[in-house]
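Participant: The file below is model36.cif, mmCIF, C-alpha atoms:
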data_entry
#
loop_
_atom_site.label_atom_id
_atom_site.label_comp_id
_atom_site.auth_asym_id
_atom_site.auth_seq_id
_atom_site.Cartn_x
_atom_site.Cartn_y
_atom_site.Cartn_z
CA MET A 330 -21.38 -10.56 18.87
CA HIS A 331 -18.74 -10.11 21.59
CA PRO A 332 -16.02 -12.79 21.19
CA GLN A 333 -16.34 -13.93 24.82
CA LEU A 334 -20.12 -14.34 24.52
CA GLN A 335 -19.68 -16.18 21.22
CA LYS A 336 -17.34 -18.58 23.00
CA ILE A 337 -19.64 -19.39 25.93
CA LEU A 338 -23.00 -19.27 24.10
CA PRO A 339 -22.88 -22.93 22.93
CA LYS A 340 -22.41 -24.09 26.53
CA ILE A 341 -25.34 -21.89 27.63
CA TYR A 342 -27.51 -23.60 25.01
CA GLY A 343 -26.20 -26.97 26.13
CA THR A 344 -27.02 -26.34 29.80
CA LEU A 345 -30.53 -25.20 28.87
CA TYR A 346 -31.10 -28.24 26.66
CA ASN A 347 -29.73 -30.70 29.22
CA THR A 348 -31.92 -29.30 32.00
CA THR A 349 -35.09 -29.13 29.91
CA ALA A 350 -34.52 -32.65 28.57
CA LEU A 351 -35.15 -34.02 32.06
CA VAL A 352 -38.85 -33.20 31.63
CA HIS A 353 -39.39 -32.46 27.91
CA PRO A 354 -36.93 -34.54 25.82
CA LYS A 355 -39.02 -34.33 22.61
CA LEU A 356 -39.16 -30.53 22.82
CA VAL A 357 -35.42 -30.31 23.39
CA ALA A 358 -34.79 -32.62 20.43
CA LYS A 359 -36.59 -30.10 18.20
CA TRP A 360 -34.55 -27.25 19.65
CA ALA A 361 -31.28 -29.13 19.21
CA PHE A 362 -32.18 -30.11 15.64
CA ILE A 363 -33.00 -26.52 14.64
CA THR A 364 -29.81 -25.25 16.28
CA PHE A 365 -27.77 -27.87 14.45
CA CYS A 366 -29.31 -27.04 11.05
CA THR A 367 -29.33 -23.23 11.36
CA ILE A 368 -26.98 -21.39 8.98
CA ARG A 369 -25.05 -18.48 10.49
CA LYS A 370 -22.99 -17.47 7.48
CA GLY A 371 -22.70 -18.44 3.83
CA GLY A 372 -23.21 -15.11 2.14
CA ILE A 373 -21.46 -14.09 -1.06
CA ASN A 374 -18.42 -11.81 -0.81
CA GLU A 375 -17.51 -9.16 -3.39
CA GLN A 376 -15.07 -11.36 -5.31
CA GLN A 377 -17.60 -14.18 -5.55
CA ALA A 378 -20.40 -11.79 -6.53
CA ASN A 379 -18.31 -10.31 -9.34
CA PHE A 380 -17.58 -13.77 -10.69
CA LEU A 381 -21.16 -15.02 -10.44
CA ALA A 382 -22.38 -11.89 -12.25
CA GLY A 383 -20.93 -13.42 -15.43
CA ALA A 384 -23.23 -16.44 -15.27
CA GLU A 385 -26.80 -16.90 -16.38
CA SER A 386 -28.76 -16.85 -13.13
CA SER A 387 -32.32 -17.78 -12.24
CA GLN A 388 -34.31 -18.64 -9.12
CA HIS A 389 -36.46 -21.75 -8.91
CA PRO A 390 -39.09 -22.79 -6.33
CA MET A 391 -38.02 -25.91 -4.43
CA GLU A 392 -39.11 -27.21 -1.06
CA GLY A 393 -41.02 -23.99 -0.41
CA LEU A 394 -37.83 -21.97 -1.02
CA LYS A 395 -36.26 -19.95 -3.81
CA ILE A 396 -33.08 -21.69 -4.98
CA MET A 397 -30.57 -19.70 -7.03
CA GLU A 398 -29.08 -21.47 -10.04
CA TYR A 399 -26.11 -20.35 -12.14
CA ARG A 400 -25.27 -21.57 -15.64
CA TRP A 401 -22.18 -21.36 -17.86
CA ARG A 402 -23.29 -22.94 -21.11
CA GLY A 403 -21.05 -25.14 -23.18
CA SER A 404 -21.43 -27.80 -25.84
CA GLY A 405 -19.81 -30.53 -23.75
CA ASP A 406 -21.04 -32.73 -20.92
CA THR A 407 -23.20 -31.19 -18.23
CA VAL A 408 -21.72 -31.05 -14.73
CA ILE A 409 -23.46 -29.92 -11.54
CA LEU A 410 -21.39 -28.38 -8.72
CA VAL A 411 -22.53 -28.81 -5.10
CA HIS A 412 -20.88 -26.56 -2.50
CA GLY A 413 -20.39 -27.21 1.21
CA TRP A 414 -21.73 -25.94 4.54
CA GLU A 415 -21.85 -22.14 4.91
CA SER A 416 -20.42 -21.64 1.42
CA ASN A 417 -21.95 -20.74 -1.95
CA SER A 418 -21.54 -21.24 -5.70
CA GLY A 419 -18.82 -18.59 -5.88
CA ARG A 420 -16.41 -21.00 -4.17
CA TRP A 421 -16.16 -22.90 -7.48
CA ARG A 422 -14.78 -20.00 -9.55
CA ASN A 423 -11.30 -21.51 -10.09
CA LEU A 424 -12.69 -24.88 -11.16
CA ILE A 425 -15.38 -23.26 -13.31
CA LYS A 426 -12.76 -21.32 -15.27
CA MET A 427 -11.04 -24.61 -16.15
CA LEU A 428 -14.33 -26.29 -17.02
CA VAL A 429 -15.29 -23.39 -19.29
CA GLU A 430 -11.99 -23.79 -21.16
CA LYS A 431 -12.97 -27.41 -21.91
CA ASP A 432 -16.47 -26.34 -23.01
CA PHE A 433 -18.39 -28.16 -20.27
CA ASP A 434 -22.00 -27.17 -19.67
CA ILE A 435 -21.82 -26.05 -16.03
CA VAL A 436 -24.59 -25.72 -13.45
CA ALA A 437 -24.05 -24.51 -9.88
CA PHE A 438 -26.60 -23.59 -7.24
CA ASP A 439 -26.75 -22.05 -3.79
CA ALA A 440 -28.04 -24.43 -1.14
CA PRO A 441 -31.04 -23.46 0.99
CA ALA A 442 -30.07 -20.61 3.38
CA HIS A 443 -26.84 -20.02 1.42
CA GLY A 444 -25.73 -17.40 -1.08
CA ASN A 445 -28.69 -15.98 -2.96
CA SER A 446 -31.10 -18.80 -2.02
CA SER A 447 -33.76 -18.31 0.63
CA GLY A 448 -34.18 -20.21 3.88
CA LYS A 449 -32.66 -20.44 7.34
CA ILE A 450 -31.70 -24.10 7.77
CA LEU A 451 -29.92 -26.87 5.86
CA ASN A 452 -29.53 -30.60 6.30
CA ALA A 453 -28.39 -33.35 3.94
CA PRO A 454 -31.87 -34.73 3.08
CA LEU A 455 -33.16 -31.23 2.24
CA TYR A 456 -30.03 -30.50 0.17
CA ALA A 457 -30.39 -33.84 -1.62
CA ARG A 458 -33.99 -33.13 -2.58
CA CYS A 459 -32.94 -29.84 -4.18
CA LEU A 460 -30.01 -31.51 -5.95
CA ASN A 461 -32.27 -34.25 -7.26
CA GLU A 462 -34.63 -31.67 -8.77
CA LEU A 463 -31.71 -30.16 -10.69
CA ILE A 464 -30.49 -33.60 -11.78
CA LYS A 465 -33.92 -34.36 -13.22
CA LYS A 466 -33.97 -30.98 -14.94
CA HIS A 467 -30.44 -30.95 -16.44
CA ARG A 468 -29.60 -34.68 -16.72
CA PRO A 469 -25.90 -34.17 -15.97
CA LYS A 470 -23.20 -36.70 -16.74
CA HIS A 471 -21.09 -35.53 -13.81
CA ILE A 472 -21.49 -34.25 -10.25
CA VAL A 473 -18.79 -32.54 -8.15
CA GLY A 474 -19.40 -31.93 -4.45
CA HIS A 475 -17.24 -30.27 -1.78
CA SER A 476 -17.44 -31.19 1.91
CA MET A 477 -21.14 -31.48 2.88
CA GLY A 478 -21.91 -31.14 -0.83
CA GLY A 479 -19.91 -34.31 -1.45
CA MET A 480 -21.74 -36.16 1.31
CA THR A 481 -25.05 -34.97 -0.12
CA THR A 482 -24.06 -36.05 -3.63
CA ILE A 483 -23.35 -39.61 -2.50
CA TYR A 484 -26.48 -39.77 -0.36
CA ASN A 485 -28.66 -38.55 -3.22
CA GLU A 486 -27.23 -41.12 -5.64
CA TYR A 487 -28.02 -43.79 -3.04
CA LYS A 488 -31.59 -42.53 -2.56
CA ASN A 489 -32.27 -41.56 -6.19
CA PRO A 490 -29.95 -43.45 -8.58
CA SER A 491 -29.59 -41.59 -11.87
CA LYS A 492 -28.97 -43.36 -15.16
CA HIS A 493 -27.56 -40.14 -16.60
CA ILE A 494 -24.69 -39.65 -14.15
CA GLU A 495 -21.43 -41.36 -15.12
CA ARG A 496 -18.79 -39.75 -12.90
CA MET A 497 -18.88 -38.34 -9.37
CA VAL A 498 -16.25 -36.28 -7.54
CA THR A 499 -16.09 -35.47 -3.85
CA THR A 500 -13.51 -33.20 -2.24
CA ALA A 501 -12.93 -33.11 1.53
CA ALA A 502 -16.27 -34.83 2.16
CA PRO A 503 -17.33 -36.29 5.52
CA SER A 504 -18.61 -39.84 5.69
CA GLU A 505 -20.15 -40.70 9.06
CA PHE A 506 -22.98 -38.56 10.40
CA TYR A 507 -22.37 -39.82 13.91
CA GLU A 508 -18.90 -38.22 13.87
CA ILE A 509 -20.46 -34.86 13.03
CA MET A 510 -23.01 -35.29 15.81
CA GLU A 511 -20.31 -36.26 18.31
CA GLU A 512 -18.57 -32.96 17.56
CA TYR A 513 -21.86 -31.09 17.95
CA GLN A 514 -22.46 -32.84 21.26
CA ALA A 515 -18.99 -31.87 22.51
CA ILE A 516 -19.32 -28.21 21.45
CA LEU A 517 -22.61 -27.75 23.33
CA GLY A 518 -21.85 -30.24 26.10
CA LEU A 519 -25.06 -32.14 25.42
CA SER A 520 -26.13 -35.05 27.60
CA SER A 521 -26.80 -38.53 26.26
CA ARG A 522 -30.50 -37.93 27.05
CA VAL A 523 -30.56 -35.04 24.55
CA ILE A 524 -28.69 -37.02 21.89
CA ASN A 525 -30.98 -40.03 22.30
CA ALA A 526 -34.04 -37.79 21.90
CA LEU A 527 -32.44 -36.16 18.85
CA ASP A 528 -31.73 -39.60 17.38
CA ASP A 529 -35.41 -40.50 17.77
CA LEU A 530 -36.46 -37.24 16.11
CA ILE A 531 -34.14 -37.83 13.15
CA LEU A 532 -35.55 -41.34 12.75
CA GLU A 533 -39.08 -39.91 12.75
CA LYS A 534 -38.23 -37.16 10.21
CA PHE A 535 -35.90 -39.01 7.85
CA ALA A 536 -36.34 -42.76 8.47
CA PHE A 537 -32.74 -43.31 9.53
CA ARG A 538 -30.85 -43.11 12.80
CA ILE A 539 -27.71 -41.04 13.28
CA ARG A 540 -25.40 -44.05 12.93
CA GLU A 541 -27.22 -45.30 9.85
CA PHE A 542 -26.32 -42.25 7.75
CA SER A 543 -22.97 -43.33 6.35
CA THR A 544 -21.67 -42.58 2.86
CA SER A 545 -19.16 -45.41 3.23
CA ASN A 546 -22.22 -47.67 3.37
CA PHE A 547 -24.15 -45.77 0.68
CA VAL A 548 -21.42 -46.26 -1.94
CA SER A 549 -21.26 -50.04 -1.55
CA SER A 550 -23.87 -50.33 -4.32
CA ASN A 551 -22.66 -47.35 -6.36
CA THR A 552 -21.65 -48.32 -9.90
CA LYS A 553 -20.49 -44.87 -11.04
CA LYS A 554 -16.84 -43.95 -11.48
CA GLY A 555 -15.69 -41.86 -8.53
CA LEU A 556 -12.84 -39.53 -7.67
CA LEU A 557 -12.18 -38.64 -4.03
CA VAL A 558 -9.78 -35.84 -3.10
CA HIS A 559 -8.85 -35.27 0.54
CA ASP A 560 -5.99 -33.65 2.44
CA ARG A 561 -4.35 -35.78 5.10
CA ASP A 562 -4.26 -32.80 7.48
CA ASP A 563 -7.77 -31.49 6.77
CA PRO A 564 -8.72 -29.50 9.91
CA ILE A 565 -12.48 -29.73 9.23
CA THR A 566 -13.23 -33.19 7.84
CA PRO A 567 -11.14 -36.21 8.88
CA TYR A 568 -9.05 -37.78 6.13
CA HIS A 569 -10.23 -41.26 7.12
CA ALA A 570 -13.69 -40.34 5.82
CA SER A 571 -12.55 -40.50 2.20
CA GLU A 572 -10.34 -43.51 2.95
CA ASN A 573 -13.37 -45.43 4.18
CA VAL A 574 -15.55 -44.37 1.25
CA HIS A 575 -12.80 -45.34 -1.21
CA LYS A 576 -12.50 -48.81 0.35
CA ALA A 577 -16.24 -49.37 -0.05
CA TRP A 578 -16.61 -47.80 -3.53
CA ARG A 579 -15.32 -50.28 -6.10
CA GLY A 580 -15.18 -47.74 -8.94
CA SER A 581 -13.35 -45.00 -7.06
CA GLN A 582 -9.89 -43.45 -6.97
CA LEU A 583 -8.53 -41.56 -3.96
CA ILE A 584 -6.13 -38.64 -4.38
CA SER A 585 -4.44 -37.66 -1.11
CA THR A 586 -2.80 -34.28 -0.60
CA THR A 587 -0.71 -32.80 2.21
CA GLY A 588 -0.85 -29.18 3.32
CA TYR A 589 -3.70 -28.22 0.98
CA GLY A 590 -6.29 -27.71 3.71
CA HIS A 591 -10.03 -28.19 3.55
CA SER A 592 -11.03 -25.94 0.65
CA LEU A 593 -8.87 -27.67 -1.99
CA HIS A 594 -8.89 -24.75 -4.43
CA GLN A 595 -5.38 -25.54 -5.73
CA GLU A 596 -4.77 -25.55 -9.49
CA ASP A 597 -3.51 -29.13 -9.61
CA VAL A 598 -6.58 -30.34 -7.69
CA ASN A 599 -8.90 -28.61 -10.16
CA ALA A 600 -6.85 -29.92 -13.11
CA ALA A 601 -7.19 -33.47 -11.77
CA ILE A 602 -10.97 -33.04 -11.45
CA VAL A 603 -11.26 -31.75 -15.03
CA ASN A 604 -9.11 -34.59 -16.39
CA PHE A 605 -11.23 -37.13 -14.55
CA LEU A 606 -14.44 -35.66 -15.97
CA LEU A 607 -12.89 -35.78 -19.44
CA GLY A 608 -12.31 -39.50 -18.98
CA ASN A 609 -8.51 -39.21 -18.77
CA ASP A 610 -6.22 -41.01 -16.34
CA VAL A 611 -5.62 -39.06 -13.16
CA ASP A 612 -2.28 -39.27 -11.38
CA ASN A 613 -1.75 -38.72 -7.68
CA LEU A 614 -0.68 -35.18 -6.79
#
Before anything else, please render the file you have as structure tokens.
Facilitator:
Amino acid sequence: MHPQLQKILPKIYGTLYNTTALVHPKLVAKWAFITFCTIRKGGINEQQANFLAGAESSQHPMEGLKIMEYRWRGSGDTVILVHGWESNSGRWRNLIKMLVEKDFDIVAFDAPAHGNSSGKILNAPLYARCLNELIKKHRPKHIVGHSMGGMTTIYNEYKNPSKHIERMVTTAAPSEFYEIMEEYQAILGLSSRVINALDDLILEKFAFRIREFSTSNFVSSNTKKGLLVHDRDDPITPYHASENVHKAWRGSQLISTTGYGHSLHQEDVNAAIVNFLLGNDVDNL
């Protein structure tokens, strides 16, 4: 797509949605929801493909889709890895190498519409339903989620508490759904009429309103041990998201970094995650 068209296309969508919402708000809500959930990238690059080729891989039917699962078997605790928006299981390669060295039993999977899984859209409830299927199958002791994967991990534990899970890790995870929707509204220039209709649609589909989806609220009843890692200058997800979750999560520890960015692939970050999963004390970086 031409860069100039790519720049103005969101505003074209926004103008169309705002105009149509004057007469058909419910129809526009469906359009806006599909646009919000549609995945535009998330494929596997050559480096990721080469790494994932070394895993056991299998596809499983979930939610009418084919979900790709990867396994690195070990004799230790089972850990499930949950990647973020427009990413894939290959993003975990540096952490997986460390986990393999400690003989963890490792499971990763590509979210719907990501990597080698089928589909075209993704949202947190759909992602959580897939995650919960894998939790029931593998009975992991630990879950690690990056960005949207971290948000999904916390949401799923709130919706489907697991007696098997002992420790949870989130890295660069958002907290408040309304903040994400405010950014979406600004990018497209959506009117309050469109957002209100979208809020009603989300309530109808998922039984919560936009402002009710909050991981800082979900963790208030969470009894698992948690580790939160977030960079103060994260350009994608605001640092205060993990601050708020940490304040509400009695069994959590927050590690703050500076200059590490959103991906948090650094060796000392991965080492801290592994130490936490091993039950060791984790120092600030």
Participant: Which polymer residues have any atom within 9 Å of an atom of Arg561 (chain A), counting only C-alpha atoms, with same-chain residues fewer than 4 positions away left out, as JSON, numbers by chain?
Facilitator: {"A": [567, 568, 569, 585, 586, 587, 588, 589, 590]}
Participant: Under the rule of at most 10 Å, produce a per-residue listing of region 439-463 of chain A near region 364-387 of chain A: chain, number, name, the closest pair of atoms, and the distance in Å, as a Markdown table, using all atoms listed in the file.
Facilitator:
| residue | atom | partner | partner_atom | distance |
| --- | --- | --- | --- | --- |
| A:Asp439 | CA | A:Gly371 | CA | 9.4 |
| A:Ala440 | CA | A:Gly371 | CA | 9.4 |
| A:Pro441 | CA | A:Ile368 | CA | 9.2 |
| A:Ala442 | CA | A:Ile368 | CA | 6.4 |
| A:His443 | CA | A:Gly371 | CA | 5.0 |
| A:Gly444 | CA | A:Gly372 | CA | 4.7 |
| A:Asn445 | CA | A:Gly372 | CA | 7.5 |
| A:Ser446 | CA | A:Gly372 | CA | 9.7 |
| A:Gly448 | CA | A:Ile368 | CA | 8.9 |
| A:Lys449 | CA | A:Thr367 | CA | 5.9 |
| A:Ile450 | CA | A:Thr367 | CA | 4.4 |
| A:Leu451 | CA | A:Cys366 | CA | 5.2 |
| A:Asn452 | CA | A:Cys366 | CA | 5.9 |
| A:Ala453 | CA | A:Cys366 | CA | 9.6 |
Participant: Do you know which residues lie at most 8 Å from (-17.2, -46.7, 3.5), with coordinates as in the file and all atoms listed in the file counted, and could you write them as a VMD selection string?
Facilitator: chain A and resid 504 543 to 549 570 to 578
Participant: Do you have the CA of His471 (chain A)-CA of Leu428 (chain A) distance handy?
Facilitator: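 Atom-to-atom, CA of His471 (chain A) and CA of Leu428 (chain A) are spaced 11.9 Å apart.
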Participant: Counting only C-alpha atoms, which residue out of A:Ile363, A:Glu511, A:Leu519, A:Pro564 sits closest to Arg540 (chain A)?
Facilitator: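 Nearest candidate to Arg540 (chain A) out of A:Ile363, A:Glu511, A:Leu519, A:Pro564: A:Glu511.
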